[in-house]
file final15.txt (compact mmCIF, C-alpha atoms and all ligand atoms)
# COMPACT_ATOMS: atom_id res chain seq x y z
CA MET A 1 0.00 0.00 0.00
CA THR A 2 1.32 3.46 -0.80
CA ILE A 3 1.49 5.65 2.24
CA THR A 4 0.27 9.23 2.08
CA ARG A 5 1.86 11.54 4.58
CA PHE A 6 -0.38 14.24 6.08
CA LEU A 7 1.06 17.08 8.11
CA THR A 8 -0.45 20.11 9.73
CA GLY A 9 0.48 22.69 12.35
CA ILE A 10 -1.60 24.54 14.91
CA THR A 11 -0.34 27.93 16.02
CA THR A 12 -0.18 28.07 19.83
CA SER A 13 -1.84 31.40 20.22
CA GLY A 14 -5.23 30.67 21.76
CA THR A 15 -7.69 28.30 23.39
CA PRO A 16 -9.36 25.76 21.06
CA HIS A 17 -13.01 26.49 20.35
CA LEU A 18 -15.83 24.53 18.74
CA GLY A 19 -14.93 25.97 15.32
CA ASN A 20 -11.41 24.53 15.61
CA TYR A 21 -12.87 21.22 16.74
CA VAL A 22 -15.31 20.88 13.84
CA GLY A 23 -13.00 22.35 11.21
CA SER A 24 -9.70 20.82 12.15
CA ILE A 25 -9.36 18.62 15.25
CA ARG A 26 -12.23 16.21 14.59
CA PRO A 27 -11.46 15.62 10.88
CA ALA A 28 -7.73 15.27 11.63
CA VAL A 29 -8.27 12.71 14.36
CA ARG A 30 -10.58 10.76 12.02
CA ALA A 31 -8.12 10.96 9.13
CA SER A 32 -5.31 9.73 11.35
CA LEU A 33 -7.19 6.46 11.80
CA THR A 34 -7.45 5.81 8.04
CA PRO A 35 -5.27 2.96 6.73
CA GLY A 36 -2.49 4.10 4.41
CA VAL A 37 -2.23 7.48 6.10
CA GLU A 38 0.74 8.61 8.12
CA SER A 39 0.02 11.74 10.16
CA PHE A 40 2.23 14.46 11.54
CA TYR A 41 0.58 17.03 13.80
CA PHE A 42 2.54 19.69 15.56
CA LEU A 43 2.22 22.73 17.79
CA ALA A 44 3.53 25.66 15.77
CA ASP A 45 5.00 27.61 18.65
CA TYR A 46 7.68 29.37 16.57
CA HIS A 47 4.81 30.72 14.49
CA ALA A 48 3.07 31.92 17.64
CA LEU A 49 6.04 34.21 18.38
CA ILE A 50 5.16 36.17 15.25
CA LYS A 51 1.91 37.44 16.71
CA ILE A 52 2.21 37.06 20.47
CA ASP A 53 4.67 38.53 22.91
CA GLU A 54 3.14 37.16 26.09
CA PRO A 55 5.27 34.17 27.16
CA ALA A 56 2.70 32.83 29.64
CA ARG A 57 0.01 32.84 26.99
CA ILE A 58 2.13 30.83 24.57
CA GLN A 59 2.95 28.26 27.24
CA ARG A 60 -0.68 27.96 28.31
CA SER A 61 -1.93 27.71 24.75
CA THR A 62 0.61 24.97 24.04
CA LEU A 63 -0.79 22.93 26.91
CA GLU A 64 -4.44 23.64 26.01
CA ILE A 65 -4.02 22.71 22.38
CA ALA A 66 -2.03 19.55 23.13
CA ALA A 67 -4.56 18.47 25.77
CA SER A 68 -7.46 19.18 23.39
CA TRP A 69 -6.05 17.07 20.57
CA LEU A 70 -5.20 14.22 22.91
CA ALA A 71 -8.60 14.38 24.62
CA ALA A 72 -10.29 14.38 21.20
CA GLY A 73 -8.71 11.00 20.52
CA LEU A 74 -5.40 11.66 18.82
CA ASP A 75 -3.25 8.61 19.50
CA PRO A 76 0.38 9.69 19.94
CA GLU A 77 1.52 6.11 19.36
CA ARG A 78 -0.08 6.07 15.96
CA VAL A 79 0.73 9.59 14.76
CA THR A 80 3.75 11.81 15.22
CA PHE A 81 2.63 14.59 17.57
CA TYR A 82 5.28 17.13 18.50
CA ARG A 83 6.16 20.71 19.29
CA GLN A 84 7.89 22.67 16.52
CA SER A 85 10.45 24.25 18.84
CA ASP A 86 11.67 20.80 19.92
CA ILE A 87 12.99 20.24 16.39
CA PRO A 88 16.12 22.40 15.91
CA GLU A 89 16.39 21.15 12.33
CA ILE A 90 13.35 23.26 11.42
CA PRO A 91 14.98 26.68 11.90
CA GLU A 92 18.07 25.34 10.15
CA LEU A 93 16.04 24.26 7.15
CA THR A 94 14.25 27.61 7.25
CA TRP A 95 17.57 29.26 6.47
CA PHE A 96 18.29 26.92 3.55
CA LEU A 97 14.88 27.69 2.10
CA THR A 98 15.30 31.42 2.75
CA CYS A 99 18.27 31.29 0.41
CA VAL A 100 16.27 29.80 -2.47
CA THR A 101 13.15 31.96 -2.04
CA GLY A 102 12.72 35.17 -4.02
CA LYS A 103 12.10 38.22 -1.86
CA GLY A 104 9.53 39.30 -4.43
CA VAL A 105 7.59 36.11 -3.79
CA LEU A 106 7.39 36.92 -0.07
CA ASN A 107 6.35 40.49 -0.86
CA ARG A 108 3.18 38.99 -2.29
CA ALA A 109 2.26 36.83 0.72
CA HIS A 110 -1.30 37.76 1.77
CA ALA A 111 -0.62 38.37 5.47
CA TYR A 112 2.37 40.61 4.82
CA LYS A 113 0.66 42.40 1.95
CA ALA A 114 -2.43 43.06 4.06
CA SER A 115 -0.29 44.81 6.68
CA VAL A 116 1.50 46.86 4.04
CA ASP A 117 -1.77 47.82 2.34
CA LYS A 118 -3.24 48.88 5.66
CA ASN A 119 -0.20 51.02 6.43
CA THR A 120 -0.27 52.56 2.97
CA ALA A 121 -3.97 53.37 3.35
CA THR A 122 -3.37 55.13 6.67
CA GLY A 123 -0.39 57.01 5.27
CA VAL A 124 2.30 55.61 7.57
CA ASP A 125 5.50 53.88 6.44
CA PRO A 126 4.49 50.74 4.48
CA ASP A 127 6.51 48.48 6.78
CA SER A 128 5.45 50.18 9.98
CA ASP A 129 5.02 47.58 12.76
CA VAL A 130 5.81 44.75 10.34
CA THR A 131 8.42 42.39 11.75
CA ALA A 132 10.79 40.36 9.62
CA GLY A 133 9.13 37.39 11.35
CA LEU A 134 5.81 38.18 9.64
CA PHE A 135 7.62 38.59 6.34
CA MET A 136 9.39 35.22 6.75
CA TYR A 137 6.31 33.35 7.99
CA PRO A 138 5.83 31.41 4.73
CA VAL A 139 9.43 30.18 4.75
CA LEU A 140 9.17 28.82 8.29
CA MET A 141 5.97 27.11 7.24
CA GLY A 142 7.70 25.71 4.15
CA ALA A 143 10.39 24.22 6.39
CA ASP A 144 7.72 22.62 8.62
CA ILE A 145 6.27 20.86 5.62
CA LEU A 146 9.37 19.99 3.59
CA MET A 147 11.29 18.73 6.63
CA PHE A 148 9.00 15.70 6.62
CA ASN A 149 8.24 15.59 2.90
CA ALA A 150 4.51 15.68 3.55
CA HIS A 151 2.30 14.92 0.54
CA LYS A 152 -0.87 16.55 1.84
CA VAL A 153 -1.33 19.50 4.11
CA PRO A 154 -4.87 19.95 5.49
CA VAL A 155 -5.41 23.68 5.92
CA GLY A 156 -8.04 26.37 5.65
CA ARG A 157 -8.42 28.33 2.44
CA ASP A 158 -6.43 31.24 3.85
CA GLN A 159 -3.34 29.00 3.89
CA ILE A 160 -3.41 27.78 0.29
CA GLN A 161 -0.95 30.41 -0.86
CA HIS A 162 1.54 29.25 1.77
CA ILE A 163 1.37 25.69 0.48
CA GLU A 164 1.95 26.93 -3.06
CA MET A 165 4.99 28.80 -1.83
CA ALA A 166 6.27 25.63 -0.15
CA ARG A 167 5.89 23.85 -3.51
CA ASP A 168 7.94 26.57 -5.17
CA MET A 169 10.62 26.30 -2.49
CA ALA A 170 10.78 22.54 -3.05
CA HIS A 171 11.20 23.07 -6.80
CA SER A 172 13.84 25.79 -6.41
CA PHE A 173 15.85 23.72 -3.99
CA ASN A 174 15.56 20.55 -6.06
CA HIS A 175 16.53 22.48 -9.16
CA ARG A 176 19.80 23.61 -7.61
CA TYR A 177 20.74 20.71 -5.41
CA GLY A 178 18.99 17.62 -6.79
CA GLU A 179 15.77 15.88 -5.86
CA HIS A 180 15.39 16.12 -2.10
CA PHE A 181 11.90 17.47 -1.53
CA VAL A 182 8.41 16.29 -2.41
CA PRO A 183 6.26 19.24 -3.52
CA PRO A 184 3.29 19.23 -1.10
CA GLN A 185 -0.39 19.77 -1.86
CA ALA A 186 -3.01 21.63 0.11
CA GLU A 187 -5.89 19.46 1.27
CA ILE A 188 -9.05 21.49 1.67
CA GLU A 189 -11.97 19.81 3.45
CA GLU A 190 -14.84 20.92 1.23
CA SER A 191 -17.50 19.24 3.31
CA VAL A 192 -16.59 21.03 6.53
CA ALA A 193 -18.54 24.24 6.55
CA THR A 194 -17.12 26.98 8.72
CA LEU A 195 -18.94 27.06 12.01
CA PRO A 196 -20.79 30.29 12.85
CA GLY A 197 -20.08 31.88 16.22
CA LEU A 198 -22.36 33.39 18.85
CA ASP A 199 -23.09 36.45 16.68
CA GLY A 200 -23.65 34.49 13.45
CA ARG A 201 -20.33 35.46 11.86
CA LYS A 202 -17.62 32.81 11.37
CA MET A 203 -16.52 31.52 14.80
CA SER A 204 -13.17 33.15 15.33
CA LYS A 205 -11.06 34.46 18.16
CA SER A 206 -10.72 37.75 16.33
CA TYR A 207 -14.50 38.32 16.48
CA ASP A 208 -14.68 37.34 20.15
CA ASN A 209 -17.68 35.11 19.37
CA THR A 210 -16.31 31.68 20.25
CA ILE A 211 -17.48 28.81 22.40
CA PRO A 212 -14.43 27.17 24.02
CA LEU A 213 -14.26 23.47 23.18
CA PHE A 214 -13.83 22.53 26.81
CA ALA A 215 -16.12 24.99 28.52
CA SER A 216 -17.76 23.43 31.56
CA ARG A 217 -21.35 22.21 31.18
CA GLU A 218 -22.63 25.32 32.93
CA GLN A 219 -20.52 27.65 30.80
CA LEU A 220 -21.51 25.82 27.62
CA LYS A 221 -25.17 26.20 28.49
CA LYS A 222 -24.76 29.89 29.23
CA LEU A 223 -22.85 30.58 26.03
CA ILE A 224 -25.39 28.69 23.90
CA ALA A 225 -28.14 30.78 25.49
CA GLY A 226 -26.33 33.81 24.03
CA ILE A 227 -26.43 32.67 20.37
CA VAL A 228 -28.24 35.26 18.24
CA THR A 229 -31.71 34.39 17.03
CA ASP A 230 -34.52 36.47 15.60
CA SER A 231 -37.50 37.62 17.65
CA ARG A 232 -40.02 35.01 16.56
CA ALA A 233 -42.23 33.88 19.41
CA PRO A 234 -42.81 30.26 20.48
CA GLY A 235 -45.30 28.67 18.09
CA GLU A 236 -44.20 30.77 15.13
CA PRO A 237 -42.40 28.79 12.40
CA LYS A 238 -38.66 29.55 12.27
CA GLU A 239 -36.19 29.75 9.39
CA THR A 240 -33.30 27.26 9.35
CA GLU A 241 -31.66 29.26 6.56
CA GLY A 242 -29.24 31.73 8.17
CA SER A 243 -29.83 30.36 11.68
CA ALA A 244 -26.46 30.09 13.46
CA LEU A 245 -28.03 27.79 16.01
CA PHE A 246 -29.20 25.41 13.30
CA GLN A 247 -25.85 25.41 11.54
CA ILE A 248 -23.97 24.62 14.72
CA TYR A 249 -26.43 21.82 15.45
CA GLN A 250 -25.90 20.39 12.00
CA ALA A 251 -22.14 20.16 12.57
CA PHE A 252 -22.74 17.78 15.49
CA ALA A 253 -25.94 15.96 14.60
CA SER A 254 -26.68 12.98 12.36
CA ALA A 255 -28.78 13.49 9.24
CA GLU A 256 -31.89 12.22 11.06
CA GLU A 257 -31.33 14.49 14.05
CA THR A 258 -30.89 17.45 11.71
CA GLU A 259 -34.13 16.59 9.91
CA SER A 260 -36.05 16.41 13.13
CA LEU A 261 -34.78 19.83 14.25
CA ARG A 262 -35.73 21.20 10.83
CA LYS A 263 -39.24 19.88 11.42
CA ALA A 264 -39.32 21.40 14.89
CA TYR A 265 -38.31 24.77 13.41
CA ALA A 266 -41.19 24.56 10.93
CA GLU A 267 -43.56 23.65 13.74
CA GLY A 268 -42.55 26.64 15.82
CA ILE A 269 -40.17 25.26 18.49
CA SER A 270 -39.29 28.03 20.98
CA TRP A 271 -35.76 29.43 20.82
CA GLY A 272 -35.29 28.32 24.43
CA ASP A 273 -36.10 24.71 23.54
CA ALA A 274 -33.97 24.82 20.41
CA LYS A 275 -31.03 26.02 22.48
CA GLN A 276 -31.58 23.25 24.99
CA THR A 277 -31.58 20.70 22.13
CA LEU A 278 -28.30 22.14 20.82
CA PHE A 279 -26.73 22.18 24.28
CA GLU A 280 -27.57 18.54 24.89
CA ARG A 281 -26.31 17.44 21.49
CA ILE A 282 -22.94 19.16 21.85
CA ASP A 283 -22.53 18.06 25.43
CA ARG A 284 -23.21 14.46 24.44
CA GLU A 285 -20.19 14.56 22.11
CA ILE A 286 -17.86 16.63 24.28
CA ALA A 287 -18.60 15.35 27.81
CA PRO A 288 -16.61 12.10 27.48
CA MET A 289 -13.53 14.07 26.33
CA ARG A 290 -13.89 16.76 28.96
CA GLU A 291 -12.69 14.50 31.74
CA ARG A 292 -9.57 13.50 29.84
CA TYR A 293 -8.91 17.14 28.99
CA GLN A 294 -9.16 18.16 32.62
CA TYR A 295 -6.85 15.34 33.65
CA LEU A 296 -4.20 16.45 31.14
CA MET A 297 -4.53 20.11 32.12
CA ASP A 298 -3.94 19.06 35.72
CA ASN A 299 -0.94 16.92 34.75
CA PRO A 300 1.12 18.99 32.31
CA GLY A 301 4.17 16.82 32.98
CA GLU A 302 2.42 13.95 31.21
CA VAL A 303 1.70 16.12 28.20
CA GLU A 304 5.33 17.25 28.18
CA ALA A 305 6.51 13.64 28.18
CA MET A 306 4.25 12.80 25.24
CA LEU A 307 5.47 15.80 23.26
CA LEU A 308 9.10 14.91 23.91
CA ALA A 309 8.46 11.34 22.78
CA GLY A 310 6.86 12.78 19.64
CA ALA A 311 9.85 15.04 19.05
CA ALA A 312 12.19 12.04 19.31
CA LYS A 313 10.12 10.29 16.62
CA ALA A 314 10.15 13.38 14.42
CA ARG A 315 13.88 13.92 14.85
CA ALA A 316 14.60 10.33 13.88
CA ILE A 317 13.54 11.58 10.44
CA ALA A 318 14.70 15.20 10.61
CA THR A 319 18.26 14.68 11.86
CA PRO A 320 19.50 12.31 9.13
CA PHE A 321 17.59 14.27 6.48
CA MET A 322 19.27 17.49 7.59
CA THR A 323 22.67 15.78 7.40
CA ARG A 324 21.90 14.90 3.80
CA LEU A 325 20.72 18.46 3.02
CA ARG A 326 23.79 20.03 4.62
CA HIS A 327 25.95 17.89 2.40
CA ALA A 328 23.83 18.71 -0.65
CA VAL A 329 24.29 22.47 -0.27
CA GLY A 330 28.01 22.21 0.47
CA LEU A 331 28.12 22.53 4.25
CA ARG A 332 30.56 19.64 4.43
CA THR A 333 33.37 18.42 6.59
CA LEU A 334 36.83 19.19 5.27
CA SER A 335 38.42 16.12 6.74
CA THR A 336 37.22 13.53 4.21
CA GLY A 337 38.55 15.18 1.06
CA VAL A 338 37.59 18.32 -0.80
CA GLU A 339 35.86 18.28 -4.15
CA LYS A 340 37.03 20.51 -7.04
CA SER A 341 34.33 22.97 -7.99
CA LYS A 342 32.93 22.08 -11.38
CA ALA A 343 31.55 24.53 -13.84
CA LYS A 344 27.85 24.84 -13.13
CA ALA A 345 26.13 21.95 -14.86
CA THR A 346 24.05 22.94 -17.85
CA LYS A 347 20.76 22.31 -16.12
CA THR A 348 19.40 24.90 -18.45
CA ALA A 349 19.66 22.75 -21.56
CA GLY A 350 16.23 21.92 -22.90
CA ALA A 351 14.51 24.98 -21.46
CA SER A 352 11.56 26.10 -23.55
CA PHE A 353 8.69 28.55 -23.77
CA LYS A 354 5.06 27.54 -23.65
CA GLN A 355 2.16 29.75 -24.56
CA TYR A 356 -1.40 28.95 -23.43
CA ARG A 357 -4.80 30.29 -22.47
CA GLU A 358 -6.36 29.89 -19.02
CA LYS A 359 -9.98 29.61 -17.87
CA ASP A 360 -9.93 33.30 -16.99
CA GLY A 361 -9.75 33.98 -20.75
CA LYS A 362 -6.30 35.53 -20.52
CA PHE A 363 -3.16 34.56 -22.36
CA TYR A 364 -0.08 33.30 -20.57
CA PHE A 365 3.41 32.09 -21.26
CA LYS A 366 6.01 30.36 -19.18
CA LEU A 367 9.58 29.19 -19.44
CA THR A 368 10.22 25.69 -18.12
CA ASP A 369 13.40 23.68 -17.78
CA ALA A 370 13.83 20.22 -19.28
CA LYS A 371 12.08 18.62 -16.31
CA GLY A 372 9.09 20.89 -16.56
CA ASN A 373 9.99 23.08 -13.56
CA VAL A 374 8.67 26.58 -14.12
CA LEU A 375 11.49 29.12 -14.30
CA LEU A 376 9.53 32.12 -15.47
CA GLN A 377 5.79 32.70 -15.33
CA SER A 378 3.85 35.48 -17.01
CA LEU A 379 0.80 37.20 -15.59
CA GLY A 380 -2.49 37.03 -17.52
CA LEU A 381 -2.17 39.00 -20.77
CA GLU A 382 -4.94 40.47 -22.89
CA SER A 383 -3.91 39.02 -26.26
CA PRO A 384 -1.89 36.16 -27.69
CA GLN A 385 0.12 38.77 -29.64
CA THR A 386 1.38 40.36 -26.42
CA ALA A 387 2.44 36.95 -25.15
CA GLY A 388 4.11 36.13 -28.47
CA LYS A 389 5.99 39.42 -28.60
CA SER A 390 7.27 39.01 -25.06
CA ILE A 391 8.57 35.55 -25.87
CA ALA A 392 10.26 36.82 -29.03
CA LEU A 393 11.92 39.61 -27.07
CA LEU A 394 13.24 37.16 -24.50
CA GLN A 395 14.51 34.84 -27.23
CA GLN A 396 16.34 37.65 -29.01
CA GLN A 397 17.64 39.71 -26.11
CA GLY A 398 17.95 37.03 -23.43
CA SER A 399 17.92 38.25 -19.84
CA ASP A 400 18.37 41.87 -20.97
CA ALA A 401 14.67 41.82 -21.85
CA LEU A 402 13.61 40.86 -18.31
CA ASP A 403 13.60 44.38 -16.97
CA SER A 404 11.32 45.82 -19.62
CA LEU A 405 8.90 42.90 -19.16
CA LYS A 406 8.83 42.87 -15.40
CA ASP A 407 5.24 44.16 -15.13
CA ALA A 408 4.06 41.17 -17.14
CA LEU A 409 5.89 38.57 -15.06
CA GLU A 410 5.50 36.88 -11.71
CA PRO A 411 8.45 37.55 -9.38
CA ILE A 412 11.38 35.33 -10.31
CA THR A 413 12.46 32.82 -7.68
CA ASP A 414 15.66 31.59 -9.22
CA VAL A 415 17.20 34.48 -11.11
CA GLN A 416 20.41 32.61 -11.92
CA ALA A 417 18.55 29.71 -13.50
CA VAL A 418 16.39 32.06 -15.57
CA GLN A 419 19.37 34.02 -16.80
CA ALA A 420 21.29 30.89 -17.71
CA ALA A 421 18.30 29.41 -19.54
CA LEU A 422 17.65 32.62 -21.48
CA GLU A 423 21.29 32.95 -22.46
CA ALA A 424 21.28 29.35 -23.69
CA ILE A 425 18.13 30.00 -25.76
CA LYS A 426 19.54 33.22 -27.19
CA ALA A 427 22.77 31.48 -28.20
CA ALA A 428 20.90 28.59 -29.85
N1 LIG A 501 0.12 28.88 9.48
C1 LIG A 501 -0.78 27.86 9.93
C2 LIG A 501 -2.06 28.51 10.45
O1 LIG A 501 -2.03 29.64 10.91
C3 LIG A 501 -0.14 27.02 11.02
C4 LIG A 501 1.02 26.28 10.48
C5 LIG A 501 2.34 26.51 10.76
C6 LIG A 501 0.97 25.20 9.56
N2 LIG A 501 3.12 25.62 10.07
C7 LIG A 501 2.32 24.83 9.33
C8 LIG A 501 -0.08 24.54 8.90
C9 LIG A 501 2.65 23.79 8.43
C10 LIG A 501 0.25 23.51 8.02
C11 LIG A 501 1.60 23.14 7.79
O2 LIG A 501 -3.09 27.88 10.41

call {"tool": "encode", "arguments": {"input": "final15.txt", "output": "structure tokens", "more": "lines below"}}
Ligand code: TRP
result
Amino acid sequence: MTITRFLTGITTSGTPHLGNYVGSIRPAVRASLTPGVESFYFLADYHALIKIDEPARIQRSTLEIAASWLAAGLDPERVTFYRQSDIPEIPELTWFLTCVTGKGVLNRAHAYKASVDKNTATGVDPDSDVTAGLFMYPVLMGADILMFNAHKVPVGRDQIQHIEMARDMAHSFNHRYGEHFVPPQAEIEESVATLPGLDGRKMSKSYDNTIPLFASREQLKKLIAGIVTDSRAPGEPKETEGSALFQIYQAFASAEETESLRKAYAEGISWGDAKQTLFERIDREIAPMRERYQYLMDNPGEVEAMLLAGAAKARAIATPFMTRLRHAVGLRTLSTGVEKSKAKATKTAGASFKQYREKDGKFYFKLTDAKGNVLLQSLGLESPQTAGKSIALLQQQGSDALDSLKDALEPITDVQAVQAALEAIKAA
């Protein structure tokens, strides 16, 4: 059986809520039980440093998230469950990837760009309050993924760009140093709808509308009582469409249970009774885990031991892999003989242009090397003539044409490879 390796990280910046449970914890625990799947789950505490400067909060969040995943049924014997900062190879790999990642590519990362756009809009310096950590976020994430050569990375839609960047890093590194990395793919759970929060918007810490996963029974009941509803009186039929209460119920209930609540809505169930139904349904699923969660929260030493055991498992892969990568890039011992430096191999032979049209109706071209790795990628152009002219210019002038075409091109990751390929094409 071919094994598919899944990997995902959880930033240790908050307390898990029902949205995290439905959207990530529950599907991940289920997936980890599937035959043929090898799972890596880790606490992304280096990532937490990017947004949080309260040490106690990071420590507490680390414990809460670990305890939540374990209480929800993650089996640390079966999966590799670890803390990012226990793997020193990850920051080391981050540096290797930093050196093959175009700065222009990082300029386009959504999170960084959003901060810059906000600053620009308010008239302050574009990089005001932007740390280099935020800028480098995608590279650290690339190292998380490539360190273990994960095939699939289950993430929310907001993270797709980061996975694409990790793919590009894998290609750039492989292009220079040989095949070491598997380009990963984002795995988006289409069936998992985002859970609404107390106010009907997406449940999210930033909206302050969450229900903590391990609220006590009393707290859970109180919070559910606060879910927004409309003002229809008992006996009046209610709409399921747009009802946060109904949507949350649906995320926990079976198809039959959902149908019977739909009927109750039509028959005019009171909001009080509907909330009681929701409370009981959630509590039925969570109550058995709550005890385990509380036990782990009261015994952090046990969680620590599990995480350290997970780190040992992870490092059994990371340490030898890093040794291989150090050698590949030329960080080598001097005591076993020193290689003569060869002229750079003509990896550029066989590079060619391709022109095509995309679903968006626009015209594109790209330059790929012999293996099909993309060296140069155009943006969407209005006509095939524009694409054709750009290609002709590059063929005739080689890399001298790059500057005049830069508004029509994606940022270049591997400038040296592009230049070499263009020079080879021009000479041919
Ligand atoms: N950036 C991810 C998030 O905010 C967390 C994360 C860090 C991650 N490293 C990762 C997710 C590697 C998947 C793979 O959700």

call {"tool": "closest_residue", "arguments": {"input": "final15.txt", "among": "A:Ser335, A:Gln161, A:Thr413, A:Ser243", "to": "Leu375 (chain A)", "atoms": "all atoms listed in the file"}}
result
A:Thr413

call {"tool": "residues_near_ligand", "arguments": {"input": "final15.txt", "ligand": "ligand LIG 501 (chain A)", "cutoff": "6 Å", "atoms": "only C-alpha atoms and all ligand atoms", "output": "short mmCIF file (atom, residue, chain, number, x, y, z; two decimals) with C-alpha atoms, keeping the file's coordinate frame"}}
result
data_model
loop_
_atom_site.label_atom_id
_atom_site.label_comp_id
_atom_site.auth_asym_id
_atom_site.auth_seq_id
_atom_site.Cartn_x
_atom_site.Cartn_y
_atom_site.Cartn_z
CA THR A 8 -0.45 20.11 9.73
CA GLY A 9 0.48 22.69 12.35
CA ILE A 10 -1.60 24.54 14.91
CA THR A 11 -0.34 27.93 16.02
CA ALA A 44 3.53 25.66 15.77
CA MET A 141 5.97 27.11 7.24
CA ASP A 144 7.72 22.62 8.62
CA ILE A 145 6.27 20.86 5.62
CA VAL A 153 -1.33 19.50 4.11
#

call {"tool": "atom_distance", "arguments": {"input": "final15.txt", "atom1": "CA of Leu18 (chain A)", "atom2": "CA of Glu164 (chain A)"}}
result
28.2 Å

call {"tool": "atom_distance", "arguments": {"input": "final15.txt", "atom1": "CA of Glu267 (chain A)", "atom2": "CA of Gln247 (chain A)"}}
result
17.9 Å

call {"tool": "residues_near_point", "arguments": {"input": "final15.txt", "point": "(-27.9, 25.8, 15.3)", "cutoff": "9 Å", "atoms": "all atoms listed in the file", "output": "short mmCIF file (atom, residue, chain, number, x, y, z; two decimals) with C-alpha atoms, keeping the file's coordinate frame"}}
result
data_model
loop_
_atom_site.label_atom_id
_atom_site.label_comp_id
_atom_site.auth_asym_id
_atom_site.auth_seq_id
_atom_site.Cartn_x
_atom_site.Cartn_y
_atom_site.Cartn_z
CA PRO A 196 -20.79 30.29 12.85
CA ILE A 227 -26.43 32.67 20.37
CA THR A 240 -33.30 27.26 9.35
CA SER A 243 -29.83 30.36 11.68
CA ALA A 244 -26.46 30.09 13.46
CA LEU A 245 -28.03 27.79 16.01
CA PHE A 246 -29.20 25.41 13.30
CA GLN A 247 -25.85 25.41 11.54
CA ILE A 248 -23.97 24.62 14.72
CA TYR A 249 -26.43 21.82 15.45
CA GLN A 250 -25.90 20.39 12.00
CA ALA A 251 -22.14 20.16 12.57
CA ALA A 274 -33.97 24.82 20.41
CA LYS A 275 -31.03 26.02 22.48
CA LEU A 278 -28.30 22.14 20.82
#

call {"tool": "atom_distance", "arguments": {"input": "final15.txt", "atom1": "CA of Glu187 (chain A)", "atom2": "CA of Lys152 (chain A)"}}
result
5.8 Å

call {"tool": "residues_around", "arguments": {"input": "final15.txt", "residues": "Ala150 (chain A)", "least_positions_apart": "2", "cutoff": "10 Å", "atoms": "only C-alpha atoms", "output": "short mmCIF file (atom, residue, chain, number, x, y, z; two decimals) with C-alpha atoms, keeping the file's coordinate frame"}}
result
data_model
loop_
_atom_site.label_atom_id
_atom_site.label_comp_id
_atom_site.auth_asym_id
_atom_site.auth_seq_id
_atom_site.Cartn_x
_atom_site.Cartn_y
_atom_site.Cartn_z
CA THR A 4 0.27 9.23 2.08
CA ARG A 5 1.86 11.54 4.58
CA PHE A 6 -0.38 14.24 6.08
CA LEU A 7 1.06 17.08 8.11
CA THR A 8 -0.45 20.11 9.73
CA GLU A 38 0.74 8.61 8.12
CA SER A 39 0.02 11.74 10.16
CA PHE A 40 2.23 14.46 11.54
CA ASP A 144 7.72 22.62 8.62
CA ILE A 145 6.27 20.86 5.62
CA LEU A 146 9.37 19.99 3.59
CA MET A 147 11.29 18.73 6.63
CA PHE A 148 9.00 15.70 6.62
CA LYS A 152 -0.87 16.55 1.84
CA VAL A 153 -1.33 19.50 4.11
CA PHE A 181 11.90 17.47 -1.53
CA VAL A 182 8.41 16.29 -2.41
CA PRO A 183 6.26 19.24 -3.52
CA PRO A 184 3.29 19.23 -1.10
CA GLN A 185 -0.39 19.77 -1.86
#

call {"tool": "closest_residue", "arguments": {"input": "final15.txt", "among": "A:Ala305, A:Val105, A:Ala328, A:Val139", "to": "Glu410 (chain A)", "atoms": "only C-alpha atoms"}}
result
A:Val105

call {"tool": "residues_around", "arguments": {"input": "final15.txt", "residues": "Leu308 (chain A)", "least_positions_apart": "2", "cutoff": "12 Å", "atoms": "all atoms listed in the file", "output": "VMD selection string"}}
result
chain A and resid 42 76 80 to 87 301 to 306 310 to 315

call {"tool": "residues_near_point", "arguments": {"input": "final15.txt", "point": "(-0.6, 4.3, -3.0)", "cutoff": "10 Å", "atoms": "all atoms listed in the file", "output": "ChimeraX atom specification"}}
result
/A:1-4,36-37

call {"tool": "closest_residue", "arguments": {"input": "final15.txt", "among": "A:Ala143, A:Ala170, A:Met165, A:Ala264", "to": "Glu236 (chain A)", "atoms": "only C-alpha atoms"}}
result
A:Ala264

call {"tool": "closest_residue", "arguments": {"input": "final15.txt", "among": "A:Thr277, A:Thr368, A:Gln59, A:Ser216", "to": "Glu291 (chain A)", "atoms": "all atoms listed in the file"}}
result
A:Ser216

call {"tool": "closest_residue", "arguments": {"input": "final15.txt", "among": "A:Ile211, A:Ala316, A:Ile286, A:Ala392", "to": "Leu405 (chain A)", "atoms": "only C-alpha atoms"}}
result
A:Ala392
